[in-house]
$ cat final_21.txt   # compact mmCIF, C-alpha atoms
# COMPACT_ATOMS: atom_id res chain seq x y z
CA MET A 188 -4.31 -0.95 14.22
CA LYS A 189 -7.17 0.13 16.44
CA ASN A 190 -10.69 -1.17 15.83
CA ILE A 191 -12.79 1.88 16.63
CA THR A 192 -16.21 3.28 15.79
CA SER A 193 -16.93 6.29 13.62
CA ALA A 194 -17.80 8.31 16.73
CA GLU A 195 -14.46 7.40 18.31
CA LEU A 196 -12.63 8.32 15.09
CA ARG A 197 -14.27 11.75 14.95
CA ALA A 198 -13.49 12.44 18.61
CA MET A 199 -9.88 11.21 18.34
CA PHE A 200 -9.18 13.33 15.25
CA LEU A 201 -10.61 16.53 16.73
CA LYS A 202 -8.80 16.00 20.04
CA PHE A 203 -5.49 15.36 18.24
CA TYR A 204 -5.66 18.65 16.37
CA GLN A 205 -7.07 20.52 19.33
CA ASP A 206 -3.96 19.40 21.22
CA HIS A 207 -1.92 20.90 18.36
CA GLY A 208 -3.47 24.33 18.76
CA HIS A 209 -6.49 24.01 16.47
CA ALA A 210 -9.92 25.45 17.26
CA VAL A 211 -12.78 23.00 16.69
CA ILE A 212 -15.43 24.56 14.42
CA ALA A 213 -18.90 23.28 13.58
CA SER A 214 -19.85 21.77 10.23
CA ALA A 215 -21.33 24.22 7.78
CA SER A 216 -24.46 23.53 5.72
CA VAL A 217 -24.32 21.18 2.72
CA ILE A 218 -25.61 24.22 0.76
CA PRO A 219 -22.56 26.44 0.11
CA GLU A 220 -22.70 30.06 1.17
CA ASN A 221 -19.32 31.22 -0.09
CA ASP A 222 -18.97 29.46 -3.45
CA PRO A 223 -21.60 30.07 -6.15
CA THR A 224 -19.78 27.77 -8.60
CA VAL A 225 -21.07 24.57 -6.99
CA LEU A 226 -24.50 23.30 -5.91
CA PHE A 227 -23.34 21.54 -2.76
CA THR A 228 -20.55 21.61 -0.22
CA THR A 229 -18.40 18.88 -1.77
CA ALA A 230 -15.42 19.32 0.54
CA GLY A 231 -14.48 20.95 3.80
CA MET A 232 -12.89 23.90 2.04
CA HIS A 233 -16.10 25.41 0.62
CA PRO A 234 -17.23 27.16 3.81
CA LEU A 235 -13.70 28.47 4.33
CA VAL A 236 -13.02 29.99 0.89
CA PRO A 237 -13.01 33.64 2.11
CA TYR A 238 -10.48 32.73 4.82
CA LEU A 239 -8.32 30.75 2.41
CA LEU A 240 -8.16 33.92 0.32
CA GLY A 241 -7.03 36.03 3.27
CA ALA A 242 -10.04 37.07 5.37
CA LYS A 243 -9.52 36.64 9.12
CA HIS A 244 -11.39 33.72 10.70
CA PRO A 245 -12.87 34.53 14.13
CA GLU A 246 -11.41 31.31 15.59
CA GLY A 247 -7.84 31.99 14.41
CA THR A 248 -5.44 30.46 11.89
CA ARG A 249 -5.61 26.77 12.97
CA LEU A 250 -8.96 25.05 12.61
CA THR A 251 -10.29 21.48 12.67
CA ASP A 252 -13.75 20.15 11.86
CA VAL A 253 -16.02 17.36 10.69
CA GLN A 254 -17.74 18.70 7.58
CA LYS A 255 -20.83 17.09 6.04
CA CYS A 256 -20.52 16.87 2.24
CA ILE A 257 -22.59 15.97 -0.82
CA ARG A 258 -21.03 14.76 -4.07
CA THR A 259 -23.09 13.51 -7.00
CA GLY A 260 -20.51 13.49 -9.79
CA ASP A 261 -20.08 9.74 -9.48
CA ILE A 262 -23.61 8.89 -8.37
CA ASP A 263 -23.67 5.88 -10.69
CA GLU A 264 -20.86 4.34 -8.63
CA VAL A 265 -22.89 4.48 -5.42
CA GLY A 266 -23.48 0.97 -4.12
CA ASP A 267 -19.91 -0.24 -4.58
CA ALA A 268 -17.52 -0.57 -1.64
CA SER A 269 -16.64 3.10 -1.19
CA HIS A 270 -18.69 5.62 -3.20
CA LEU A 271 -21.27 7.74 -1.38
CA THR A 272 -23.25 10.88 -2.19
CA PHE A 273 -23.30 11.98 1.47
CA PHE A 274 -20.20 11.62 3.62
CA GLU A 275 -18.36 13.32 6.45
CA MET A 276 -14.89 14.76 6.01
CA LEU A 277 -12.43 15.19 8.86
CA GLY A 278 -10.20 18.17 8.25
CA ASN A 279 -7.47 20.34 9.71
CA TRP A 280 -6.70 23.79 8.38
CA SER A 281 -3.85 26.23 8.41
CA LEU A 282 -4.79 29.72 7.28
CA GLY A 283 -1.38 31.18 6.54
CA ASP A 284 0.08 29.51 9.65
CA TYR A 285 1.98 26.19 9.37
CA PHE A 286 2.61 24.51 6.02
CA LYS A 287 3.95 21.24 4.62
CA LYS A 288 6.33 20.21 7.38
CA GLU A 289 3.78 20.26 10.18
CA ALA A 290 0.91 18.94 8.05
CA ILE A 291 2.86 15.87 6.91
CA SER A 292 4.47 15.05 10.25
CA TRP A 293 1.10 15.28 12.05
CA SER A 294 -0.58 13.11 9.41
CA TRP A 295 2.12 10.47 9.89
CA GLU A 296 1.80 10.63 13.66
CA PHE A 297 -1.99 10.30 13.64
CA LEU A 298 -1.91 7.39 11.19
CA THR A 299 0.90 5.32 12.66
CA SER A 300 1.29 6.15 16.36
CA GLU A 301 -0.07 3.49 18.73
CA LYS A 302 -1.57 6.37 20.69
CA TYR A 303 -3.83 7.12 17.71
CA LEU A 304 -4.76 4.88 14.73
CA GLY A 305 -1.70 2.64 14.96
CA ILE A 306 -1.68 1.66 11.26
CA ASP A 307 1.19 -0.56 10.10
CA PRO A 308 3.51 1.68 7.98
CA ASP A 309 4.06 -1.25 5.60
CA ARG A 310 0.42 -0.90 4.55
CA LEU A 311 0.77 2.78 3.66
CA ALA A 312 1.86 4.48 0.45
CA PHE A 313 2.10 8.17 -0.37
CA SER A 314 1.80 10.08 -3.62
CA VAL A 315 3.10 13.58 -4.39
CA PHE A 316 2.74 15.94 -7.33
CA ALA A 317 5.05 15.11 -10.26
CA GLY A 318 5.08 18.65 -11.70
CA ASP A 319 4.05 20.11 -15.05
CA ASP A 320 4.13 23.40 -16.97
CA ASP A 321 2.00 25.10 -14.31
CA CYS A 322 3.89 24.05 -11.19
CA PRO A 323 7.15 22.23 -10.32
CA ALA A 324 7.35 18.76 -8.77
CA ASP A 325 6.70 18.69 -5.04
CA THR A 326 10.10 17.39 -3.94
CA GLU A 327 9.58 19.07 -0.56
CA ALA A 328 6.61 16.82 0.28
CA HIS A 329 8.61 13.78 -0.89
CA ASP A 330 11.54 14.67 1.36
CA LEU A 331 9.27 15.34 4.34
CA TRP A 332 7.71 11.86 4.07
CA ARG A 333 11.21 10.40 3.93
CA SER A 334 12.15 12.30 7.08
CA CYS A 335 9.17 10.68 8.85
CA GLY A 336 10.68 7.29 8.07
CA VAL A 337 8.69 6.35 4.96
CA LYS A 338 10.57 4.00 2.64
CA GLU A 339 11.59 5.41 -0.73
CA ASP A 340 9.61 2.74 -2.60
CA HIS A 341 6.43 3.78 -0.75
CA ILE A 342 6.44 7.35 -2.18
CA PHE A 343 5.28 7.98 -5.74
CA TYR A 344 5.23 11.00 -8.04
CA LEU A 345 1.93 11.27 -9.92
CA PRO A 346 0.57 13.87 -12.39
CA LYS A 347 -1.97 16.63 -11.82
CA GLU A 348 -4.96 14.35 -12.41
CA ASN A 349 -3.88 12.42 -9.30
CA ASN A 350 -2.11 14.92 -7.08
CA TRP A 351 -3.61 18.33 -7.52
CA TRP A 352 -6.63 19.63 -5.66
CA GLY A 353 -9.01 22.30 -6.80
CA PRO A 354 -10.25 24.71 -7.37
CA ALA A 355 -13.60 23.39 -6.15
CA GLY A 356 -15.32 25.34 -8.91
CA GLN A 357 -13.92 27.00 -12.03
CA THR A 358 -11.68 29.41 -10.13
CA GLY A 359 -10.21 29.79 -6.66
CA PRO A 360 -7.60 28.37 -4.28
CA CYS A 361 -5.79 25.22 -5.38
CA GLY A 362 -2.44 23.50 -5.25
CA PRO A 363 -0.45 20.27 -5.14
CA ASP A 364 -1.47 17.63 -2.68
CA THR A 365 -0.07 14.51 -1.11
CA GLU A 366 -2.38 11.53 -0.79
CA MET A 367 -2.18 8.67 1.70
CA PHE A 368 -3.21 5.15 0.69
CA TYR A 369 -3.90 2.00 2.69
CA TRP A 370 -3.20 -1.46 1.24
CA THR A 371 -6.25 -3.64 1.91
CA GLY A 372 -4.78 -6.84 0.44
CA PRO A 373 -2.39 -9.35 1.99
CA LEU A 374 1.14 -8.27 2.91
CA PRO A 375 3.63 -7.57 1.52
CA ALA A 376 2.13 -4.68 -0.41
CA PRO A 377 3.24 -4.34 -4.05
CA GLU A 378 6.54 -2.57 -4.57
CA THR A 379 5.03 -0.57 -7.43
CA PHE A 380 2.08 1.65 -6.64
CA ASP A 381 -0.78 1.59 -9.14
CA PRO A 382 -3.57 4.10 -8.38
CA ARG A 383 -5.94 1.97 -10.49
CA ASN A 384 -5.48 -1.02 -8.16
CA LYS A 385 -8.62 -0.94 -5.99
CA LEU A 386 -6.80 -2.70 -3.13
CA TRP A 387 -5.02 0.62 -2.56
CA VAL A 388 -7.62 2.83 -0.85
CA GLU A 389 -7.08 6.55 -0.42
CA ILE A 390 -7.66 7.50 3.21
CA TRP A 391 -6.34 11.05 3.60
CA ASN A 392 -5.32 13.99 1.48
CA ASP A 393 -3.16 16.95 2.51
CA VAL A 394 -3.66 19.86 0.11
CA PHE A 395 -1.12 22.65 -0.04
CA MET A 396 -2.99 25.69 -1.34
CA GLN A 397 -0.27 27.74 -2.93
CA TYR A 398 -2.12 29.08 -5.97
CA ASN A 399 -5.26 30.84 -7.08
CA LYS A 400 -6.61 29.77 -10.48
CA THR A 401 -7.95 32.79 -12.34
CA ALA A 402 -10.82 32.94 -14.84
CA ASP A 403 -8.31 32.93 -17.73
CA GLY A 404 -6.68 29.71 -16.48
CA LYS A 405 -3.56 31.16 -14.86
CA PHE A 406 -2.14 29.86 -11.59
CA GLU A 407 -1.08 32.80 -9.46
CA PRO A 408 0.80 32.28 -6.16
CA LEU A 409 -1.32 33.00 -3.13
CA ALA A 410 -0.02 35.63 -0.75
CA GLN A 411 -1.29 33.40 2.06
CA LYS A 412 -0.29 29.72 1.82
CA ASN A 413 -2.81 27.37 3.38
CA VAL A 414 -3.17 23.72 4.35
CA ASP A 415 -6.46 21.92 3.71
CA THR A 416 -6.78 18.23 4.59
CA GLY A 417 -9.54 15.69 4.22
CA MET A 418 -10.08 12.23 5.72
CA GLY A 419 -13.34 10.42 4.95
CA VAL A 420 -15.09 9.16 8.09
CA GLU A 421 -16.96 6.33 6.40
CA ARG A 422 -14.02 4.97 4.42
CA VAL A 423 -11.51 5.08 7.28
CA THR A 424 -14.01 3.58 9.74
CA ALA A 425 -14.41 0.58 7.42
CA ILE A 426 -10.64 0.11 7.16
CA LEU A 427 -10.09 0.35 10.91
CA GLN A 428 -12.82 -2.24 11.49
CA GLY A 429 -11.45 -4.59 8.84
CA LYS A 430 -14.59 -4.30 6.74
CA LYS A 431 -14.68 -4.71 2.97
CA SER A 432 -17.12 -1.84 2.60
CA CYS A 433 -18.30 1.23 4.49
CA TYR A 434 -21.79 -0.27 4.23
CA GLU A 435 -20.73 -2.96 6.72
CA THR A 436 -20.10 -0.47 9.54
CA GLU A 437 -22.38 0.78 12.30
CA LEU A 438 -23.08 3.90 10.19
CA PHE A 439 -25.45 1.90 7.96
CA ALA A 440 -26.51 -1.03 10.16
CA PRO A 441 -29.64 0.69 11.62
CA LEU A 442 -30.78 1.71 8.13
CA PHE A 443 -30.39 -1.81 6.78
CA ALA A 444 -32.29 -3.13 9.81
CA GLU A 445 -35.19 -0.77 9.08
CA LEU A 446 -35.13 -1.73 5.40
CA ASP A 447 -35.26 -5.42 6.35
CA GLN A 448 -38.31 -4.71 8.50
CA LEU A 449 -39.99 -2.86 5.65
CA ARG A 450 -39.31 -5.82 3.38
CA GLY A 451 -40.29 -8.38 5.95
CA VAL A 452 -37.04 -10.33 5.53
CA ALA A 453 -34.43 -11.60 7.93
CA HIS A 454 -30.89 -10.75 6.86
CA GLN A 455 -28.34 -13.51 7.31
CA GLU A 456 -25.24 -12.29 9.14
CA GLY A 457 -22.25 -12.17 6.81
CA GLU A 458 -24.42 -12.06 3.69
CA GLU A 459 -23.40 -9.19 1.40
CA ARG A 460 -25.97 -6.49 0.83
CA SER A 461 -27.23 -6.03 -2.73
CA ARG A 462 -26.53 -2.91 -4.75
CA SER A 463 -30.21 -1.94 -4.54
CA GLU A 464 -30.16 -2.20 -0.74
CA ARG A 465 -27.06 -0.04 -0.57
CA ILE A 466 -28.49 2.63 -2.87
CA VAL A 467 -31.72 2.84 -0.84
CA VAL A 468 -30.00 3.42 2.51
CA GLU A 469 -27.29 5.70 1.08
CA HIS A 470 -29.75 7.94 -0.74
CA ALA A 471 -32.02 8.04 2.32
CA ARG A 472 -29.11 9.40 4.34
CA ALA A 473 -28.13 11.95 1.68
CA ALA A 474 -31.70 13.16 1.07
CA THR A 475 -32.31 13.58 4.80
CA PHE A 476 -29.24 15.77 5.24
CA ILE A 477 -30.09 17.91 2.19
CA MET A 478 -33.64 18.47 3.42
CA ALA A 479 -32.35 19.24 6.93
CA ASP A 480 -30.50 22.19 5.41
CA GLY A 481 -33.65 23.63 3.88
CA ILE A 482 -33.97 22.15 0.38
CA THR A 483 -37.23 20.58 -0.85
CA PRO A 484 -37.64 18.51 -4.03
CA GLY A 485 -38.01 20.52 -7.23
CA LYS A 486 -37.00 20.85 -10.86
CA VAL A 487 -33.76 22.86 -10.78
CA ASP A 488 -30.39 22.97 -9.03
CA GLN A 489 -30.17 21.42 -5.52
CA ALA A 490 -33.90 20.74 -5.51
CA TYR A 491 -33.62 18.62 -8.64
CA VAL A 492 -30.67 16.65 -7.25
CA LEU A 493 -32.71 15.92 -4.13
CA ARG A 494 -35.68 14.87 -6.25
CA ARG A 495 -33.43 12.56 -8.25
CA LEU A 496 -32.02 10.94 -5.10
CA ILE A 497 -35.48 10.28 -3.69
CA ARG A 498 -36.79 8.97 -7.01
CA ARG A 499 -33.80 6.65 -7.37
CA MET A 500 -34.21 5.45 -3.77
CA ILE A 501 -37.87 4.60 -4.39
CA ARG A 502 -37.11 2.83 -7.67
CA GLU A 503 -34.48 0.60 -6.05
CA ALA A 504 -36.79 -0.07 -3.08
CA ARG A 505 -39.52 -1.23 -5.48
CA LYS A 506 -37.05 -3.78 -6.86
CA LEU A 507 -36.73 -5.10 -3.31
CA GLY A 508 -40.49 -5.38 -2.86
CA VAL A 509 -40.93 -2.29 -0.69
CA ASN A 510 -44.16 -0.47 -1.58
CA GLY A 511 -46.21 2.31 -0.04
CA LEU A 512 -44.86 5.27 1.92
CA PHE A 513 -41.55 4.27 3.48
CA THR A 514 -39.03 7.08 3.01
CA ALA A 515 -39.93 8.93 6.22
CA LYS A 516 -39.21 5.81 8.27
CA LEU A 517 -35.68 5.66 6.89
CA ALA A 518 -35.25 9.41 7.47
CA GLU A 519 -36.19 8.92 11.13
CA VAL A 520 -33.40 6.35 11.47
CA VAL A 521 -30.89 8.84 10.01
CA ILE A 522 -32.06 11.59 12.39
CA ARG A 523 -31.76 9.32 15.43
CA GLY A 524 -28.29 8.18 14.35
CA TYR A 525 -26.93 11.71 14.08
$ encode --input "final_21.txt" --output "structure tokens"
Amino acid sequence: MKNITSAELRAMFLKFYQDHGHAVIASASVIPENDPTVLFTTAGMHPLVPYLLGAKHPEGTRLTDVQKCIRTGDIDEVGDASHLTFFEMLGNWSLGDYFKKEAISWSWEFLTSEKYLGIDPDRLAFSVFAGDDDCPADTEAHDLWRSCGVKEDHIFYLPKENNWWGPAGQTGPCGPDTEMFYWTGPLPAPETFDPRNKLWVEIWNDVFMQYNKTADGKFEPLAQKNVDTGMGVERVTAILQGKKSCYETELFAPLFAELDQLRGVAHQEGEERSRSERIVVEHARAATFIMADGITPGKVDQAYVLRRLIRRMIREARKLGVNGLFTAKLAEVVIRGY
């Protein structure tokens, strides 16, 4: 497995899909333009909703990007090994072009080929949709993973709560997905996959948008079948570098260094960062990106979320002994880093 930086991961991913006929598109704003049902762009699909529903994209039917995202649904989990409010999502898109066969085979190639990430297949497991009253089991995805060489006991059927994506809001494109997991514990990996076991870390998700969920809860087949994938930059960078947490990567190191300076402390190498330290630097990053896209603190909607992030950042900083005006100094570190 290659030990690479986040910048190298981004570049490698985009080049891989560019070589497979995809146009590289820029990240959209974290404030969604095409989906009024959500406050923030929580996934790469938000800016592409019109094209997923059939509109023609000016760059064609194969796209790839690095989309900046904000998610606050699990804000109370921020500070653990993997949860973030701001993160970047690598994605490749098929707008009515290729479907499951290509998406799965390319995912396998990028993950396991020595030319790319070179991950040991014995550390990977894959889940597929088990089926329910709305949609049948995704046996096609199962069989495609098998054709890549995945062992039968490394593929698992899971219900909708695990293997169904979307819609991002109350209505819209959605469908079964197949998720890819990396075993972070010692080998051999368990023969039985348990999604609650935190040593299994989800690293990639291929969504097969076959349906449109209507306002009355029906799942209607889409005339245009799409592929939407997402790989988290921060999480995968940590795995590739053998880190226990995304907070141990170069993405957060400059922010922690600035926080140490503000506190007047010298951090001991190898010492784990406290939850308060992690919350301060994570929220500084998230707030900076939200403000960069035009939002200022306020009392409703995105403005209130931003206000809450800043307030929480300040409260945790006070616990660490940081007083006075400090938030702009952390924002400057984020701006330099990106």
$ residues_around --input "final_21.txt" --residues "Met500 (chain A)" --least-positions-apart "4" --cutoff "7 Å" --atoms "all atoms listed in the file" --output "ChimeraX atom specification"
/A:466-467,470-471,496,504
$ closest_residue --input "final_21.txt" --among "A:Tyr303, A:Phe273, A:Phe297, A:Trp280" --to "Thr251 (chain A)" --atoms "only C-alpha atoms"
A:Trp280
$ atom_distance --input "final_21.txt" --atom1 "CA of Trp293 (chain A)" --atom2 "CA of Trp391 (chain A)"
12.0 Å
$ closest_residue --input "final_21.txt" --among "A:Asp415, A:Glu327, A:Asp381, A:Asp206" --to "Met276 (chain A)" --atoms "all atoms listed in the file"
A:Asp415
$ residues_around --input "final_21.txt" --residues "Lys412 (chain A)" --least-positions-apart "6" --cutoff "6 Å" --atoms "only C-alpha atoms" --output "list in words"
Gly283, Met396 and Gln397 of chain A
$ closest_atom_pairs --input "final_21.txt" --of "region 207-311 of chain A" --to "region 330-349 of chain A" --cutoff "10 Å" --atoms "all atoms listed in the file" --output "CSV"
residue,atom,partner,partner_atom,distance
A:Lys287,CA,A:Leu331,CA,7.9
A:Lys288,CA,A:Leu331,CA,6.4
A:Glu289,CA,A:Leu331,CA,9.4
A:Ala290,CA,A:Leu331,CA,9.8
A:Ile291,CA,A:Trp332,CA,6.9
A:Ser292,CA,A:Cys335,CA,6.6
A:Trp293,CA,A:Cys335,CA,9.8
A:Ser294,CA,A:Trp332,CA,9.9
A:Trp295,CA,A:Cys335,CA,7.1
A:Glu296,CA,A:Cys335,CA,8.8
A:Pro308,CA,A:Val337,CA,7.6
A:Asp309,CA,A:His341,CA,8.4
A:Arg310,CA,A:His341,CA,9.3
A:Leu311,CA,A:His341,CA,7.2
$ closest_residue --input "final_21.txt" --among "A:Thr424, A:Asn190, A:Thr248, A:Asn392" --to "Glu366 (chain A)" --atoms "all atoms listed in the file"
A:Asn392
$ closest_residue --input "final_21.txt" --among "A:Ala268, A:Ala198, A:Cys322, A:Ile218" --to "Ala490 (chain A)" --atoms "all atoms listed in the file"
A:Ile218
$ closest_residue --input "final_21.txt" --among "A:Ala518, A:Val420, A:Ala425, A:Leu449" --to "Arg197 (chain A)" --atoms "all atoms listed in the file"
A:Val420
$ closest_residue --input "final_21.txt" --among "A:Gln411, A:Val253, A:Leu201, A:Phe286" --to "Pro237 (chain A)" --atoms "only C-alpha atoms"
A:Gln411
$ residues_around --input "final_21.txt" --residues "Glu459 (chain A)" --least-positions-apart "4" --cutoff "10 Å" --atoms "all atoms listed in the file" --output "mmCIF file with C-alpha atoms, in the coordinates of the input"
data_model
loop_
_atom_site.group_PDB
_atom_site.id
_atom_site.type_symbol
_atom_site.label_atom_id
_atom_site.label_comp_id
_atom_site.auth_asym_id
_atom_site.auth_seq_id
_atom_site.Cartn_x
_atom_site.Cartn_y
_atom_site.Cartn_z
ATOM 1 C CA LYS A 431 -14.680 -4.710 2.970
ATOM 2 C CA SER A 432 -17.120 -1.840 2.600
ATOM 3 C CA TYR A 434 -21.790 -0.270 4.230
ATOM 4 C CA GLU A 435 -20.730 -2.960 6.720
ATOM 5 C CA HIS A 454 -30.890 -10.750 6.860
ATOM 6 C CA GLN A 455 -28.340 -13.510 7.310
ATOM 7 C CA GLU A 464 -30.160 -2.200 -0.740
#
$ axis_aligned_box --input "final_21.txt" --around "region 433-444 of chain A" --padding-each-side "8 Å" --output "AutoDock Vina command-line options"
--center_x -25.3 --center_y 0.4 --center_z 8.3 --size_x 30.0 --size_y 23.0 --size_z 24.1
$ residues_around --input "final_21.txt" --residues "Pro441 (chain A)" --least-positions-apart "2" --cutoff "12 Å" --atoms "all atoms listed in the file" --output "ChimeraX atom specification"
/A:434-439,443-448,468-469,472,516-525
$ residues_around --input "final_21.txt" --residues "Asp364 (chain A)" --least-positions-apart "2" --cutoff "7 Å" --atoms "only C-alpha atoms" --output "list of chain:residue names"
A:Val315, A:Phe316, A:Asn350, A:Trp351, A:Trp352, A:Gly362, A:Glu366, A:Asn392, A:Asp393, A:Val394, A:Phe395
$ atom_distance --input "final_21.txt" --atom1 "CA of Leu282 (chain A)" --atom2 "CA of Ala230 (chain A)"
16.3 Å
$ atom_distance --input "final_21.txt" --atom1 "CA of Thr358 (chain A)" --atom2 "CA of Val236 (chain A)"
11.1 Å
$ residues_near_point --input "final_21.txt" --point "(-0.1, -6.0, 1.3)" --cutoff "10 Å" --atoms "all atoms listed in the file" --output "PyMOL selection string"
chain A and resi 309-311+369-378+386-387
$ decode --input "final_21.txt" --residues "region 217-235 of chain A" --atoms "N, CA, C and O atoms" --output "compact mmCIF listing (two decimals), in the first residue's frame"
# COMPACT_ATOMS: atom_id res chain seq x y z
N VAL A 217 -20.05 25.21 -1.11
CA VAL A 217 -20.67 24.40 -0.05
C VAL A 217 -22.11 24.83 0.19
O VAL A 217 -22.84 24.19 0.94
N ILE A 218 -22.54 25.92 -0.47
CA ILE A 218 -23.95 26.35 -0.40
C ILE A 218 -24.65 25.86 -1.66
O ILE A 218 -24.33 26.30 -2.77
N PRO A 219 -25.58 24.90 -1.54
CA PRO A 219 -26.17 24.29 -2.73
C PRO A 219 -27.01 25.26 -3.56
O PRO A 219 -27.75 26.07 -3.02
N GLU A 220 -26.85 25.13 -4.87
CA GLU A 220 -27.62 25.96 -5.80
C GLU A 220 -28.81 25.20 -6.39
O GLU A 220 -29.79 25.80 -6.79
N ASN A 221 -28.68 23.88 -6.45
CA ASN A 221 -29.68 23.08 -7.16
C ASN A 221 -30.56 22.22 -6.26
O ASN A 221 -31.36 21.44 -6.75
N ASP A 222 -30.41 22.34 -4.95
CA ASP A 222 -31.19 21.50 -4.04
C ASP A 222 -31.65 22.32 -2.84
O ASP A 222 -30.89 22.51 -1.88
N PRO A 223 -32.88 22.82 -2.86
CA PRO A 223 -33.37 23.64 -1.76
C PRO A 223 -33.73 22.85 -0.50
O PRO A 223 -34.10 23.44 0.51
N THR A 224 -33.61 21.52 -0.56
CA THR A 224 -34.01 20.69 0.59
C THR A 224 -32.91 20.56 1.63
O THR A 224 -33.15 19.99 2.70
N VAL A 225 -31.72 21.07 1.35
CA VAL A 225 -30.61 20.96 2.30
C VAL A 225 -29.93 22.32 2.46
O VAL A 225 -29.96 23.16 1.55
N LEU A 226 -29.30 22.54 3.62
CA LEU A 226 -28.62 23.80 3.88
C LEU A 226 -27.24 23.86 3.23
O LEU A 226 -26.79 24.93 2.81
N PHE A 227 -26.57 22.70 3.19
CA PHE A 227 -25.21 22.67 2.67
C PHE A 227 -25.05 21.56 1.64
O PHE A 227 -25.86 20.63 1.56
N THR A 228 -24.00 21.68 0.85
CA THR A 228 -23.59 20.61 -0.04
C THR A 228 -23.00 19.51 0.83
O THR A 228 -21.89 19.65 1.34
N THR A 229 -23.74 18.42 1.03
CA THR A 229 -23.30 17.35 1.91
C THR A 229 -22.64 16.21 1.15
O THR A 229 -22.09 15.29 1.77
N ALA A 230 -22.70 16.26 -0.17
CA ALA A 230 -22.11 15.21 -0.99
C ALA A 230 -21.88 15.77 -2.39
O ALA A 230 -22.44 16.81 -2.76
N GLY A 231 -21.07 15.08 -3.15
CA GLY A 231 -20.73 15.55 -4.48
C GLY A 231 -21.91 15.63 -5.43
O GLY A 231 -21.84 16.33 -6.45
N MET A 232 -23.00 14.92 -5.10
CA MET A 232 -24.11 14.88 -6.05
C MET A 232 -24.97 16.15 -6.05
O MET A 232 -25.65 16.42 -7.03
N HIS A 233 -24.94 16.94 -4.98
CA HIS A 233 -25.81 18.11 -4.92
C HIS A 233 -25.68 19.05 -6.12
O HIS A 233 -26.68 19.42 -6.73
N PRO A 234 -24.46 19.45 -6.49
CA PRO A 234 -24.35 20.37 -7.62
C PRO A 234 -24.76 19.75 -8.95
O PRO A 234 -24.97 20.47 -9.92
N LEU A 235 -24.88 18.42 -8.98
CA LEU A 235 -25.14 17.73 -10.25
C LEU A 235 -26.58 17.22 -10.37
O LEU A 235 -26.91 16.53 -11.33
